[in-house]
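Below you'll find the structure, written out as structure tokens, and then a few comments.
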Amino acid sequence: MLRALDSGSDEPVNVRFGEASRDLLTDFLTHLNTQNKEKLHTLPACCGSFKDRRLMECILLMTKELRLDPLVGYHAIEMLQRFMLKHLAGLLAPPTPEGRSDGPLVPQLQQKFPLLVFSCLQLSSKLLLHSHRINNETAVHFLHSVGCEVSRQAVLEAELLVCRELHFALHAPDPLTFVETLLEVLGHNVPSVPLVALHRLSLHVLQFVTLQRSNIFQALLAVTTCCARPSAQLSRFLTVTEDFMLLAVGVVATASFVLSATEWKQIVEELSNITGISRRSVCDFAHVTLTHLVQEQVEGTASL
């Protein structure tokens with residue numbers, strides 16, 4: 001798909017499907033799949049620790065407020081996760097005389113954390129050529145507006161800290177890229193699929209799954225293990241909770257069911273053929289997500 005700034009619309013970016021060749025899409029999907037598998041083979045035990053609902057919701061809300069491409073927000077979530085794991089590992093390592101920190105670590109980190117979160121969003125905006133970029137002036141103004149008093153120098157230093165901790169390897173897979181790539185391939189294989197409408201709905205489903213991450217994966221684990229209270233086994237489920245290909249397939253399948261239940265079986269079959277993920281796994285993910293969507297809708301209606 002092609003992405004471009006669209007200043008004449010309420011949406012921050014215009015996504016056009018059908019512009020890439022089948023060979024290019026095949027290569028890109030293969031590359032994403034390889035990246036995904038490599039990531040799953042090297043997951044640290046504490047992976048996902050910085051995917052708290054409130055934190056991710058904050059990043060997505062800032063993305064919307066600053067009229068950035070949603071891709072920026074999802075990339076920032078992953079960048080923050082990678083950065084914090086490396087940063088904390090360094091802070092908790094036995095200190096050397098030259099690197100000894102003055103004062104308690106937790107208060108220092110708490111004070112800097114809002115700026116570090118924003119720095120990940122700011123850096124992510126600079127990685128996408130088609131997206132609005134957050135310059136330091138905009139960053140300072142926005143942070144002041146939410147009660148975070150910082151200087152331009154502090155903003156610059158926070159960006160440099162993130163870059164250095166990640167050894168300037170800022171690019172990493174994000175779930176929205178997987179979703180959009182699958183949609184593009186699906187459009188080539190099944191031309192009758194209304195990609196624009198399905199993409200719009202998939203964005204909403206992905207946001208819902210992201211914010212309901214803990215509940216949805218616990219329910220999925222319960223279905224998979226046939227265990228009513230699977231929380232104790234959730235740590236062993238890490239390769240599933242961090243599997244972006246499974247997440248993307250589940251999001252597209254859920255959105256497809258909501259959009260057109262009559263064509264759902266065909267789309268699930270095609271998604272399974274594209275990714276190699278079993279139809280059972282696709283259906284289980286979609287069923288769990290739809291159940292939570294309906295529950296939230298019912299609870300929202302009851303509270304009115």
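Chain labels follow the order of the structure tokens: the first chain is A, the next B, and so on; residue numbering restarts at 1 in every chain, and ligands are counted from 1 in their shown order.
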
| said: I want to know what sits within 12 Å of stretch 60-66 of chain A, based on only C-alpha atoms, with residues of the same chain fewer than 6 positions away left out; could you give that as a PyMOL selection string? | reply: chain A and resi 10-13+53-54+72-77+114+117-122+124-125+131-135+138-139+141-143+145-146+203-204+206-208+210-211

Write out as a Markdown table the residues of stretch 6-73 of chain A that have any atom within 12 Å of an atom of stretch 246-263 of chain A, one row each with the nearest atom pair and its distance in Å to one decimal, counting only C-alpha atoms, sorted by chain and then rising number.
```
| residue | atom | partner | partner_atom | distance |
| --- | --- | --- | --- | --- |
| A:Leu32 | CA | A:Ala248 | CA | 11.6 |
| A:Asn33 | CA | A:Leu246 | CA | 10.5 |
| A:Asn36 | CA | A:Leu246 | CA | 10.0 |
| A:Lys37 | CA | A:Leu246 | CA | 11.3 |
| A:Leu40 | CA | A:Leu246 | CA | 11.9 |
```

Residues as selected, N, CA, C and O atoms, written as a JSON list (two decimals), in the first residue's frame, can you do that?
```json
[["chain", "number", "residue", "atom", "x", "y", "z"],
["A", 32, "LEU", "N", 8.76, -9.80, 6.69],
["A", 32, "LEU", "CA", 8.07, -9.58, 7.96],
["A", 32, "LEU", "C", 7.96, -10.88, 8.75],
["A", 32, "LEU", "O", 8.17, -10.89, 9.98],
["A", 33, "ASN", "N", 7.65, -11.95, 8.08],
["A", 33, "ASN", "CA", 7.51, -13.24, 8.75],
["A", 33, "ASN", "C", 8.84, -13.68, 9.35],
["A", 33, "ASN", "O", 8.89, -14.21, 10.48],
["A", 36, "ASN", "N", 9.54, -11.59, 12.40],
["A", 36, "ASN", "CA", 8.65, -12.00, 13.48],
["A", 36, "ASN", "C", 9.17, -13.27, 14.16],
["A", 36, "ASN", "O", 9.21, -13.35, 15.40],
["A", 37, "LYS", "N", 9.59, -14.24, 13.38],
["A", 37, "LYS", "CA", 10.09, -15.49, 13.94],
["A", 37, "LYS", "C", 11.39, -15.27, 14.71],
["A", 37, "LYS", "O", 11.59, -15.85, 15.79],
["A", 40, "LEU", "N", 10.55, -13.76, 18.05],
["A", 40, "LEU", "CA", 9.94, -14.72, 18.97],
["A", 40, "LEU", "C", 10.96, -15.69, 19.55],
["A", 40, "LEU", "O", 10.78, -16.20, 20.66]]
```

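Near A:Cys47, within 8 Å and counting only C-alpha atoms, sit Leu43, Pro44, Ala45, Ser49, Phe50, Gln81, Leu85 and Leu238 of chain A, not including residues fewer than 2 positions from it in the same chain.
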
Please produce, as CSV, a per-residue contact table for stretch 177-242 of chain A versus stretch 275-282 of chain A (criterion: any atom at most 10 Å away, only C-alpha atoms considered), showing the nearest atom pair and its distance in Å to one decimal, sorted by chain then residue number.
```
residue,atom,partner,partner_atom,distance
A:Leu182,CA,A:Thr275,CA,8.7
A:Leu220,CA,A:Ser281,CA,9.5
A:Thr224,CA,A:Ser281,CA,8.8
```

Once you have the residues from the selection above, write them out as a PDB file, in the first residue's frame, restricted to C-alpha atoms.
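To be explicit, this is the file written out as out.pdb:
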```pdb
ATOM      1  CA  LEU A 182      -1.966  -8.823   5.048  1.00  0.00           C
ATOM      2  CA  LEU A 220      -7.346 -17.033  24.266  1.00  0.00           C
ATOM      3  CA  THR A 224      -6.284 -23.036  23.905  1.00  0.00           C
TER       4      THR A 224
END
```

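Coordinates place atom CA of A:Lys39 at a distance of 11.5 Å from atom CA of A:Arg82.
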
| Residues within 8 Å of A:Val268, only C-alpha atoms, excluding chain neighbours under 2 positions, as a PyMOL selection string | chain A and resi 253+264-266+270-272+279+282-283

| request: Identify all residues of stretch 146-247 of chain A in alpha helix (DSSP H) (DSSP on the backbone) and supply them as a ChimeraX atom specification. | output: /A:152-165,175-189,195-211,213-225,238-241,244-247

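Atom pair atom CA of A:Ser214 / atom CA of A:Asp52 has a distance of 8.6 Å (rounded to one decimal).
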
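Coordinates place atom CA of A:Arg164 at a distance of 28.7 Å from atom CA of A:Met245.
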
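If you count only C-alpha atoms and ignore residues fewer than 3 places along the chain from A:Thr291, what sits within 12 Å of it is Val209, Gln212, Asn215, Ile216, Ala219, Leu220, Thr254, Val258, Cys283, Asp284, Phe285, Ala286, His287, Val288, Val294, Gln295, Glu296, Gln297 and Val298 of chain A.
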
Go ahead and write the residues just picked, N, CA, C and O atoms, as a PDB file, in the first residue's frame.
```pdb
ATOM      1  N   VAL A 209      -7.944  -4.450  20.480  1.00  0.00           N
ATOM      2  CA  VAL A 209      -7.139  -5.591  20.941  1.00  0.00           C
ATOM      3  C   VAL A 209      -5.906  -5.099  21.696  1.00  0.00           C
ATOM      4  O   VAL A 209      -5.512  -5.690  22.710  1.00  0.00           O
ATOM      5  N   GLN A 212      -7.107  -3.974  25.107  1.00  0.00           N
ATOM      6  CA  GLN A 212      -7.652  -5.087  25.883  1.00  0.00           C
ATOM      7  C   GLN A 212      -6.714  -6.291  25.862  1.00  0.00           C
ATOM      8  O   GLN A 212      -7.134  -7.433  26.058  1.00  0.00           O
ATOM      9  N   ASN A 215      -6.766  -9.020  28.807  1.00  0.00           N
ATOM     10  CA  ASN A 215      -8.005  -9.796  28.878  1.00  0.00           C
ATOM     11  C   ASN A 215      -8.164 -10.742  27.692  1.00  0.00           C
ATOM     12  O   ASN A 215      -8.567 -11.897  27.848  1.00  0.00           O
ATOM     13  N   ILE A 216      -7.844 -10.246  26.507  1.00  0.00           N
ATOM     14  CA  ILE A 216      -8.032 -11.054  25.294  1.00  0.00           C
ATOM     15  C   ILE A 216      -7.071 -12.243  25.281  1.00  0.00           C
ATOM     16  O   ILE A 216      -7.478 -13.376  24.979  1.00  0.00           O
ATOM     17  N   ALA A 219      -8.105 -14.875  27.785  1.00  0.00           N
ATOM     18  CA  ALA A 219      -9.233 -15.642  27.270  1.00  0.00           C
ATOM     19  C   ALA A 219      -8.781 -16.613  26.180  1.00  0.00           C
ATOM     20  O   ALA A 219      -9.249 -17.752  26.106  1.00  0.00           O
ATOM     21  N   LEU A 220      -7.862 -16.164  25.325  1.00  0.00           N
ATOM     22  CA  LEU A 220      -7.346 -17.033  24.266  1.00  0.00           C
ATOM     23  C   LEU A 220      -6.572 -18.205  24.858  1.00  0.00           C
ATOM     24  O   LEU A 220      -6.673 -19.337  24.376  1.00  0.00           O
ATOM     25  N   THR A 254     -11.408 -10.701  12.454  1.00  0.00           N
ATOM     26  CA  THR A 254     -12.477 -10.088  13.258  1.00  0.00           C
ATOM     27  C   THR A 254     -13.165  -8.973  12.485  1.00  0.00           C
ATOM     28  O   THR A 254     -14.401  -8.899  12.435  1.00  0.00           O
ATOM     29  N   VAL A 258     -17.222  -8.672  11.114  1.00  0.00           N
ATOM     30  CA  VAL A 258     -18.095  -7.526  11.394  1.00  0.00           C
ATOM     31  C   VAL A 258     -18.570  -6.879  10.096  1.00  0.00           C
ATOM     32  O   VAL A 258     -19.731  -6.485   9.970  1.00  0.00           O
ATOM     33  N   CYS A 283      -9.778 -18.621  13.867  1.00  0.00           N
ATOM     34  CA  CYS A 283     -11.156 -18.560  14.369  1.00  0.00           C
ATOM     35  C   CYS A 283     -11.196 -18.337  15.880  1.00  0.00           C
ATOM     36  O   CYS A 283     -12.040 -17.583  16.384  1.00  0.00           O
ATOM     37  N   ASP A 284     -10.298 -18.998  16.606  1.00  0.00           N
ATOM     38  CA  ASP A 284     -10.254 -18.826  18.065  1.00  0.00           C
ATOM     39  C   ASP A 284      -9.964 -17.375  18.431  1.00  0.00           C
ATOM     40  O   ASP A 284     -10.607 -16.790  19.307  1.00  0.00           O
ATOM     41  N   PHE A 285      -8.993 -16.776  17.743  1.00  0.00           N
ATOM     42  CA  PHE A 285      -8.636 -15.382  18.032  1.00  0.00           C
ATOM     43  C   PHE A 285      -9.811 -14.462  17.714  1.00  0.00           C
ATOM     44  O   PHE A 285     -10.145 -13.569  18.503  1.00  0.00           O
ATOM     45  N   ALA A 286     -10.419 -14.684  16.572  1.00  0.00           N
ATOM     46  CA  ALA A 286     -11.551 -13.837  16.175  1.00  0.00           C
ATOM     47  C   ALA A 286     -12.728 -14.010  17.139  1.00  0.00           C
ATOM     48  O   ALA A 286     -13.389 -13.024  17.513  1.00  0.00           O
ATOM     49  N   HIS A 287     -12.990 -15.244  17.553  1.00  0.00           N
ATOM     50  CA  HIS A 287     -14.114 -15.500  18.462  1.00  0.00           C
ATOM     51  C   HIS A 287     -13.908 -14.806  19.806  1.00  0.00           C
ATOM     52  O   HIS A 287     -14.825 -14.172  20.347  1.00  0.00           O
ATOM     53  N   VAL A 288     -12.691 -14.908  20.353  1.00  0.00           N
ATOM     54  CA  VAL A 288     -12.384 -14.254  21.631  1.00  0.00           C
ATOM     55  C   VAL A 288     -12.521 -12.737  21.508  1.00  0.00           C
ATOM     56  O   VAL A 288     -13.102 -12.077  22.377  1.00  0.00           O
ATOM     57  N   VAL A 294     -18.422  -7.498  22.009  1.00  0.00           N
ATOM     58  CA  VAL A 294     -19.847  -7.514  22.340  1.00  0.00           C
ATOM     59  C   VAL A 294     -20.045  -7.203  23.818  1.00  0.00           C
ATOM     60  O   VAL A 294     -20.945  -6.434  24.189  1.00  0.00           O
ATOM     61  N   GLN A 295     -19.220  -7.796  24.675  1.00  0.00           N
ATOM     62  CA  GLN A 295     -19.336  -7.546  26.113  1.00  0.00           C
ATOM     63  C   GLN A 295     -19.150  -6.071  26.445  1.00  0.00           C
ATOM     64  O   GLN A 295     -19.902  -5.507  27.240  1.00  0.00           O
ATOM     65  N   GLU A 296     -18.156  -5.453  25.814  1.00  0.00           N
ATOM     66  CA  GLU A 296     -17.919  -4.038  26.089  1.00  0.00           C
ATOM     67  C   GLU A 296     -19.082  -3.182  25.576  1.00  0.00           C
ATOM     68  O   GLU A 296     -19.482  -2.210  26.219  1.00  0.00           O
ATOM     69  N   GLN A 297     -19.647  -3.569  24.436  1.00  0.00           N
ATOM     70  CA  GLN A 297     -20.786  -2.853  23.897  1.00  0.00           C
ATOM     71  C   GLN A 297     -21.985  -2.955  24.820  1.00  0.00           C
ATOM     72  O   GLN A 297     -22.686  -1.977  25.087  1.00  0.00           O
ATOM     73  N   VAL A 298     -22.218  -4.168  25.334  1.00  0.00           N
ATOM     74  CA  VAL A 298     -23.351  -4.390  26.242  1.00  0.00           C
ATOM     75  C   VAL A 298     -23.155  -3.609  27.539  1.00  0.00           C
ATOM     76  O   VAL A 298     -24.074  -2.965  28.043  1.00  0.00           O
TER      77      VAL A 298
END
```

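Counting only C-alpha atoms, the residue from A:Leu170, A:Ala89, A:Met84, A:Ile274 that sits nearest to A:His188 is A:Ile274.
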
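Closest approach to A:His87 among A:Val140, A:Leu29, A:Leu71, A:Leu161 is made by A:Leu161 (distances from only C-alpha atoms).
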